[in-house]
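A short worksheet on the structure shown next.
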Amino acid sequence: MQEYRSFALIILSIFAITLLGAYFSPTFQEQKDWLELFFLFGGVLFIVSTLTLFAALGFSSFAMYMAVFLAAVISMFGILGAIIVVLLTYLAWGSVFAMEVLLFDAGTETAKEWFVSRYTFQTFKIEFYAFYPLIGCMYLFLELVPNLFSRESIIDFSPDRVLKEMERLLS
């Protein structure tokens with residue numbers, strides 16, 4: 001609990017300092033710059049907390065929250081805003097899922113525990129196919145591109161092997 005208090009104190013301090021900077025700025029332009037920074041920090045905090053929520057709850061528990069959130073976005077920004085939110089959500093959750101799949105394929109125990117606590121084989125299979133392009137991108141950026149620079153060995157990724165191991169693990 002202590003680490004959460006420290007984290008909350010840091011966040012509150014950042015917001016307080018930016019507001020004090022806006023209040024004590026001598027010119028209007030500086031006040032505007034401090035207030036823009038305040039709102040930028042608020043946006044970053046929102047994005048980080050949303051990504052943390054994605055990782056903590058998992059996609060199935062997140063569906064109701066996402067429906068309410070999309071309704072609010074559509075009412076404020078229209079269909080284009082909803083499309084942007086859906087694409088960003090796909091990228092955010094897909095990146096988390098793809099990273100966990102690659103960690104699972106590499107034999108990491110925490111990745112196995114992560115999947116066991118959140119998925120049945122059917123739900124895993126649905127998300128595996130939905131996020132397959134992101135799994136390929138993650139593999140490219142985490143295995144193949146670093147190999148070009150360091151010439152380290154590459155972990156062979158096999159989607160069929162992952163599905164078979166997941167079926168055995170989650171059934």
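Each chain in the structure tokens gets a letter, A, B, ..., in the order shown, and its residues are numbered from 1; ligands are numbered from 1 in order too.
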
Margin query: Can you tell me which residues surround Thr120 (chain A) at a distance of at most 6 Å, considering only C-alpha atoms, apart from same-chain residues fewer than 2 positions away, and format the answer as a VMD selection string?
Written below: chain A and resid 122 to 123 170

Could you write out the selected residues, including C-alpha atoms, as a PDB file, in the first residue's frame?
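Dumped everything to selection-v8.pdb:
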ATOM      1  CA  GLN A 122     -11.979 -20.699 -26.756  1.00  0.00           C
ATOM      2  CA  THR A 123     -11.456 -17.097 -25.628  1.00  0.00           C
ATOM      3  CA  LEU A 170      -6.224 -24.185 -20.816  1.00  0.00           C
TER       4      LEU A 170
END

Where does region 30-100 of chain A meet region 129-149 of chain A within 12 Å, residue by residue, with the nearest atom pair and distance in Å to one decimal for each, counting only C-alpha atoms, listed by chain and rising number, as a tab-separated table?
residue	atom	partner	partner_atom	distance
A:Thr89	CA	A:Phe131	CA	11.6
A:Tyr90	CA	A:Phe131	CA	8.1
A:Leu91	CA	A:Leu134	CA	7.7
A:Ala92	CA	A:Leu134	CA	10.0
A:Trp93	CA	A:Phe131	CA	8.9
A:Gly94	CA	A:Phe131	CA	5.5
A:Ser95	CA	A:Leu134	CA	6.4
A:Val96	CA	A:Leu134	CA	9.6
A:Phe97	CA	A:Phe131	CA	7.6
A:Ala98	CA	A:Ile135	CA	4.5
A:Met99	CA	A:Met138	CA	6.9
A:Glu100	CA	A:Ile135	CA	9.4

Mind dumping the selected residues with C-alpha atoms as a compact mmCIF listing (two decimals), in the first residue's frame?
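So the final result, stored in result28.txt, reads:
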# COMPACT_ATOMS: atom_id res chain seq x y z
CA THR A 89 -7.79 -0.04 -27.97
CA TYR A 90 -6.98 -2.74 -30.51
CA LEU A 91 -3.36 -1.59 -30.59
CA ALA A 92 -3.06 -1.28 -26.80
CA TRP A 93 -4.69 -4.58 -25.81
CA GLY A 94 -3.26 -6.36 -28.84
CA SER A 95 0.24 -5.30 -27.86
CA VAL A 96 -0.23 -6.63 -24.33
CA PHE A 97 -1.70 -9.88 -25.66
CA ALA A 98 1.02 -10.28 -28.31
CA MET A 99 3.77 -9.71 -25.76
CA GLU A 100 2.28 -12.33 -23.45

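Proximity of A:Phe128, A:Ile11, A:Ile74, A:Gly81 to Phe38 (chain A), computed with only C-alpha atoms, is greatest for A:Ile11.
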
Next item on the list: Name the closest residue to Pro159 (chain A) among the candidates A:Val86, A:Ile126, A:Val101, A:Ile47; distances are taken between atoms, counting only C-alpha atoms.
Entry: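 Counting only C-alpha atoms, the residue closest to Pro159 (chain A) is A:Val101.
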
Item checked: Lys164 (chain A) environment, 12 Å, only C-alpha atoms, sequence neighbours closer than 6 positions dropped, as a VMD selection string -> chain A and resid 105 121 124 to 125 158 170 to 171

Notebook entry, point to check: Rounded to one decimal in Å, what is the spacing between CA of Gly42 (chain A) and CA of Ile14 (chain A)?
Noted result: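 For CA of Gly42 (chain A) relative to CA of Ile14 (chain A), the distance reads 10.0 Å.
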
Notebook entry, point to check: Which residues in region 120-157 of chain A does DSSP call alpha helix (DSSP H)? List them as a list of chain:residue names.
Noted result: A:Phe121, A:Gln122, A:Thr123, A:Phe124, A:Lys125, A:Ile126, A:Glu127, A:Phe128, A:Tyr129, A:Ala130, A:Tyr132, A:Pro133, A:Leu134, A:Ile135, A:Gly136, A:Cys137, A:Met138, A:Tyr139, A:Val145, A:Pro146, A:Asn147, A:Leu148, A:Phe149, A:Ser150

Item checked: Nearest residue to Ile155 (chain A) from the set A:Leu103, A:Val116, A:Ala82, A:Ala22 (distances using only C-alpha atoms) ->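 So, comparing all the options, the nearest one is A:Leu103.
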
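Straight-line separation from CA of Phe28 (chain A) to CA of Ile10 (chain A): 27.1 Å.
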
Notebook entry, point to check: Which residues come within 12 Å of Phe15 (chain A), counting only C-alpha atoms, excluding same-chain residues fewer than 4 positions away, as a list in words?
Noted result: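 Listing them by chain and then by number gives Ala8, Leu9, Ile10, Ile11, Leu19, Leu20, Gly21, Ala22, Trp34, Leu35, Glu36, Leu37, Phe38, Phe39, Leu40, Phe41, Gly42, Gly43, Val44 and Leu45 of chain A.
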
Next item on the list: Take CA of Thr27 (chain A) and CA of Leu12 (chain A) and report the distance between them in Å, one decimal.
Entry: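 Computing it gives 24.7 Å between the two atoms.
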